Amino acid sequence: MTQTVTVKIKRYNPDTDKKPYWKDYTIELTEDKTVLDALEEIKANQDGSLTFRRSCRHAICGSCAMMVNRRNTLVCTTPLKAVVNDGGLFAAKNTVTIEPLPYLPIIKDLVVDRSAFWEQYQAVKPWLMPPDVVPEKEYRMSQEEVEAMEQAETCIMCGACYSSCPVVAGNKNYLGPHAMLKTFLRVMDPRDQVPEERLDMIANANGAFRCHQVVNCIDACPKGLNPAKAIATLGKMSLRSGRIKGERAERMKKLIADAEAASSTN
Ligand code: FES
């Protein structure tokens, strides 16, 4: 027997609506349908004005993050069947709610303005800054560095952690979990020459010390990452003297000494 689902979508067009409102659509539930498939079907067959973002459909681009049953979710990889009746806002039988990410201005329907998100990302200079003089052989990494980088590299910048964070909700100057996770990635990267500068960048009232460890970011991350732990680690590192330690510290010292020796002979 065919099962139908009520999809309750928060709609808002700032040109015509005073405030967001809920609109219901009914679609058929099938085994293989994702939440994104449901949105595509509604747009194609019922309401062409419905607006949402998506691109890769494979949990890579991060553009389809939105709230499904009040949880930050990547809709392209979430089966519709998995979220029907899972205790959403309305908790009604055969119902799913879909809303835009919270705490960010709505451009239209499910599309939010991520400017603040990208500005904070840019603020931590997330790109690699390698030394002028590189080692003759390959860079060597400790197991701890490898594991830390694997974690942070997996982040697809979908904004789910950012928009789940209560600190972001109250303070748009807060760097946010995404930016500090990328800072962590660079601090742990043996090829980067400015880890101390990066620690200074996040060691302030809008950085690691503003995090309240509410840990919503862990729950929200569709990749299972732990930005809260990365932020706590950065906070601890930034409080220590001799913050960059061990083999890495020795490599850094050697690179600096080599650079100084090279510049004094030129
Ligand atoms: S469409 Fe790219 S992550 Fe969902």
# chains A, B, ... in the order shown; residues from 1 in each chain; ligands from 1
>>> residues_around(residues="Thr95 of chain A", least_positions_apart="6", cutoff="6 Å", atoms="only C-alpha atoms", output="ChimeraX atom specification")
/A:5-7,84
>>> select_by_dssp(residues="segment 22-264 of chain A", states="strand (DSSP E)", output="list in words")
Trp22, Lys23, Asp24, Tyr25, Thr26, Ile27, Glu28, Leu29, Ala65, Met66, Met67, Val68, Arg71, Asn72, Thr73, Leu74, Thr95, Val96, Thr97, Ile98, Glu99, Ile106, Ile107, Lys108, Val111 and Val112 of chain A
>>> residues_near_ligand(ligand="ligand 1", cutoff="9 Å", atoms="only C-alpha atoms and all ligand atoms", output="list in words")
Leu36, Arg53, Arg54, Ser55, Cys56, Arg57, His58, Ala59, Ile60, Cys61, Gly62, Ser63, Cys64, Ala65, Leu74, Val75, Cys76, Thr77, Ile156 and Cys158 of chain A
>>> write_last_selection(atoms="N, CA, C and O atoms", output="compact mmCIF listing (two decimals), in the first residue's frame")
# COMPACT_ATOMS: atom_id res chain seq x y z
N LEU A 36 16.19 15.49 0.16
CA LEU A 36 16.40 16.36 -1.00
C LEU A 36 15.50 15.93 -2.17
O LEU A 36 14.93 16.78 -2.87
N ARG A 53 18.99 25.38 -1.64
CA ARG A 53 20.29 25.19 -2.28
C ARG A 53 20.67 23.72 -2.27
O ARG A 53 20.45 23.01 -1.31
N ARG A 54 21.28 23.29 -3.35
CA ARG A 54 21.95 21.99 -3.40
C ARG A 54 22.88 21.99 -4.60
O ARG A 54 22.69 22.74 -5.54
N SER A 55 23.90 21.15 -4.53
CA SER A 55 24.80 21.09 -5.67
C SER A 55 25.26 19.65 -5.90
O SER A 55 24.82 18.99 -6.83
N CYS A 56 26.12 19.12 -5.02
CA CYS A 56 26.78 17.84 -5.33
C CYS A 56 25.89 16.61 -5.17
O CYS A 56 26.07 15.61 -5.82
N ARG A 57 24.96 16.66 -4.23
CA ARG A 57 24.10 15.52 -3.86
C ARG A 57 24.88 14.37 -3.24
O ARG A 57 24.40 13.25 -3.16
N HIS A 58 26.11 14.61 -2.80
CA HIS A 58 26.93 13.52 -2.25
C HIS A 58 27.63 13.91 -0.95
O HIS A 58 28.74 13.43 -0.69
N ALA A 59 27.07 14.82 -0.18
CA ALA A 59 27.67 15.23 1.11
C ALA A 59 29.09 15.76 0.95
O ALA A 59 29.96 15.49 1.78
N ILE A 60 29.32 16.49 -0.14
CA ILE A 60 30.66 17.03 -0.38
C ILE A 60 30.66 18.56 -0.39
O ILE A 60 31.55 19.20 0.17
N CYS A 61 29.66 19.17 -1.00
CA CYS A 61 29.70 20.63 -1.17
C CYS A 61 29.17 21.39 0.04
O CYS A 61 29.50 22.55 0.26
N GLY A 62 28.34 20.76 0.85
CA GLY A 62 27.82 21.41 2.06
C GLY A 62 26.69 22.38 1.83
O GLY A 62 26.20 23.00 2.77
N SER A 63 26.22 22.53 0.60
CA SER A 63 25.23 23.58 0.33
C SER A 63 23.82 23.22 0.78
O SER A 63 22.97 24.10 0.89
N CYS A 64 23.53 21.95 1.02
CA CYS A 64 22.15 21.57 1.30
C CYS A 64 21.84 21.43 2.79
O CYS A 64 20.86 20.79 3.16
N ALA A 65 22.68 22.03 3.64
CA ALA A 65 22.41 21.94 5.09
C ALA A 65 21.17 22.75 5.43
O ALA A 65 21.06 23.91 5.04
N LEU A 74 22.21 17.41 6.51
CA LEU A 74 22.46 17.49 5.07
C LEU A 74 21.34 16.72 4.39
O LEU A 74 21.25 15.50 4.54
N VAL A 75 20.48 17.39 3.66
CA VAL A 75 19.30 16.70 3.16
C VAL A 75 19.60 15.75 2.00
O VAL A 75 18.83 14.83 1.74
N CYS A 76 20.76 15.93 1.33
CA CYS A 76 21.03 15.09 0.15
C CYS A 76 21.32 13.64 0.53
O CYS A 76 21.15 12.75 -0.29
N THR A 77 21.79 13.42 1.75
CA THR A 77 22.12 12.04 2.13
C THR A 77 21.22 11.51 3.24
O THR A 77 21.50 10.46 3.81
N ILE A 156 33.31 19.85 5.51
CA ILE A 156 32.89 20.32 4.17
C ILE A 156 32.30 21.72 4.21
O ILE A 156 31.72 22.19 3.23
N CYS A 158 29.67 23.09 5.70
CA CYS A 158 28.23 23.15 5.41
C CYS A 158 27.52 24.17 6.28
O CYS A 158 26.40 24.59 5.98
>>> closest_residue(among="A:Phe52, A:Phe117, A:Tyr25, A:Phe184", to="Ala160 of chain A", atoms="only C-alpha atoms")
A:Phe117
>>> atom_distance(atom1="atom CA of Ser164 of chain A", atom2="atom CA of Arg71 of chain A")
8.6 Å
>>> residues_around(residues="segment 227-233 of chain A", least_positions_apart="2", cutoff="7 Å", atoms="only C-alpha atoms", output="number ranges by chain")
A: 177, 180-181, 184, 208, 213, 215, 217-218, 225, 235-237
>>> residues_around(residues="Asn13 of chain A", least_positions_apart="2", cutoff="10 Å", atoms="only C-alpha atoms", output="PyMOL selection string")
chain A and resi 11+15-21+49-51+106-109
>>> atom_distance(atom1="atom CA of Ile27 of chain A", atom2="atom CA of Pro79 of chain A")
14.0 Å
>>> select_by_dssp(residues="segment 19-65 of chain A", states="helix (DSSP H, G or I)", output="list in words")
Val35, Leu36, Asp37, Ala38, Leu39, Glu40, Glu41, Ile42, Lys43, Ala44 and Asn45 of chain A
>>> closest_residue(among="A:Arg114, A:Lys137, A:His212, A:Arg198", to="Pro166 of chain A", atoms="only C-alpha atoms")
A:His212
>>> residues_around(residues="segment 138-150 of chain A", least_positions_apart="6", cutoff="7 Å", atoms="only C-alpha atoms", output="list in words")
Leu185, Met188, Asp189, Pro190 and Arg191 of chain A
>>> write_last_selection(atoms="N, CA and C atoms", output="tab-separated table (two decimals), in the first residue's frame")
chain	number	residue	atom	x	y	z
A	185	LEU	N	43.42	22.60	12.20
A	185	LEU	CA	44.04	21.86	11.10
A	185	LEU	C	45.40	22.46	10.74
A	188	MET	N	48.12	22.06	13.46
A	188	MET	CA	48.65	20.69	13.52
A	188	MET	C	49.43	20.30	12.26
A	189	ASP	N	49.44	21.15	11.27
A	189	ASP	CA	50.05	20.82	9.98
A	189	ASP	C	51.55	21.16	10.01
A	190	PRO	N	52.44	20.18	9.90
A	190	PRO	CA	53.88	20.48	10.00
A	190	PRO	C	54.39	21.35	8.86
A	191	ARG	N	53.61	21.50	7.80
A	191	ARG	CA	54.07	22.34	6.68
A	191	ARG	C	53.78	23.81	6.91
>>> closest_residue(among="A:Val194, A:Val112, A:Val96, A:Ile202", to="Asp132 of chain A", atoms="only C-alpha atoms")
A:Val194
>>> decode(residues="segment 159-227 of chain A", atoms="C-alpha atoms", output="compact mmCIF listing (two decimals), in the first residue's frame")
# COMPACT_ATOMS: atom_id res chain seq x y z
CA GLY A 159 27.52 25.55 8.28
CA ALA A 160 25.58 23.03 10.38
CA CYS A 161 27.89 23.46 13.40
CA TYR A 162 27.95 27.24 13.04
CA SER A 163 24.19 27.61 12.98
CA SER A 164 23.70 25.20 15.89
CA CYS A 165 25.98 27.21 18.18
CA PRO A 166 24.26 29.34 20.85
CA VAL A 167 27.33 31.58 21.08
CA VAL A 168 27.00 32.40 17.36
CA ALA A 169 23.33 33.17 17.98
CA GLY A 170 24.25 35.93 20.42
CA ASN A 171 27.54 37.18 18.98
CA LYS A 172 28.25 37.48 15.27
CA ASN A 173 31.88 38.39 16.05
CA TYR A 174 32.50 34.93 17.48
CA LEU A 175 34.79 33.00 15.14
CA GLY A 176 32.62 29.90 15.25
CA PRO A 177 33.40 26.17 15.34
CA HIS A 178 34.10 25.89 11.59
CA ALA A 179 36.80 28.59 11.59
CA MET A 180 38.47 27.23 14.70
CA LEU A 181 38.41 23.66 13.38
CA LYS A 182 40.31 24.92 10.32
CA THR A 183 42.70 26.81 12.60
CA PHE A 184 43.31 23.54 14.42
CA LEU A 185 44.04 21.86 11.10
CA ARG A 186 46.70 24.43 10.25
CA VAL A 187 48.22 24.47 13.74
CA MET A 188 48.65 20.69 13.52
CA ASP A 189 50.05 20.82 9.98
CA PRO A 190 53.88 20.48 10.00
CA ARG A 191 54.07 22.34 6.68
CA ASP A 192 52.57 25.51 8.14
CA GLN A 193 55.07 28.02 9.47
CA VAL A 194 52.84 30.27 11.60
CA PRO A 195 51.20 28.08 14.28
CA GLU A 196 52.04 30.59 17.03
CA GLU A 197 50.43 33.42 15.08
CA ARG A 198 47.33 31.26 14.58
CA LEU A 199 47.10 30.49 18.29
CA ASP A 200 47.28 34.22 19.00
CA MET A 201 44.46 34.78 16.46
CA ILE A 202 42.03 32.54 18.32
CA ALA A 203 43.16 33.32 21.89
CA ASN A 204 40.71 36.11 22.54
CA ALA A 205 37.17 36.79 23.71
CA ASN A 206 35.71 36.11 20.25
CA GLY A 207 37.71 32.91 19.77
CA ALA A 208 38.49 29.80 21.80
CA PHE A 209 37.80 31.45 25.14
CA ARG A 210 34.23 32.36 24.13
CA CYS A 211 33.30 28.70 23.49
CA HIS A 212 30.95 27.52 26.24
CA GLN A 213 31.40 23.84 25.33
CA VAL A 214 27.65 23.44 24.82
CA VAL A 215 28.81 20.94 22.17
CA ASN A 216 25.79 21.37 19.87
CA CYS A 217 28.39 21.44 17.09
CA ILE A 218 29.24 17.77 17.65
CA ASP A 219 25.62 16.72 17.40
CA ALA A 220 25.01 18.92 14.34
CA CYS A 221 28.04 17.85 12.29
CA PRO A 222 26.89 15.54 9.48
CA LYS A 223 30.46 14.22 9.18
CA GLY A 224 30.74 13.17 12.82
CA LEU A 225 33.52 15.66 13.62
CA ASN A 226 34.31 17.19 16.99
CA PRO A 227 34.90 20.94 16.65
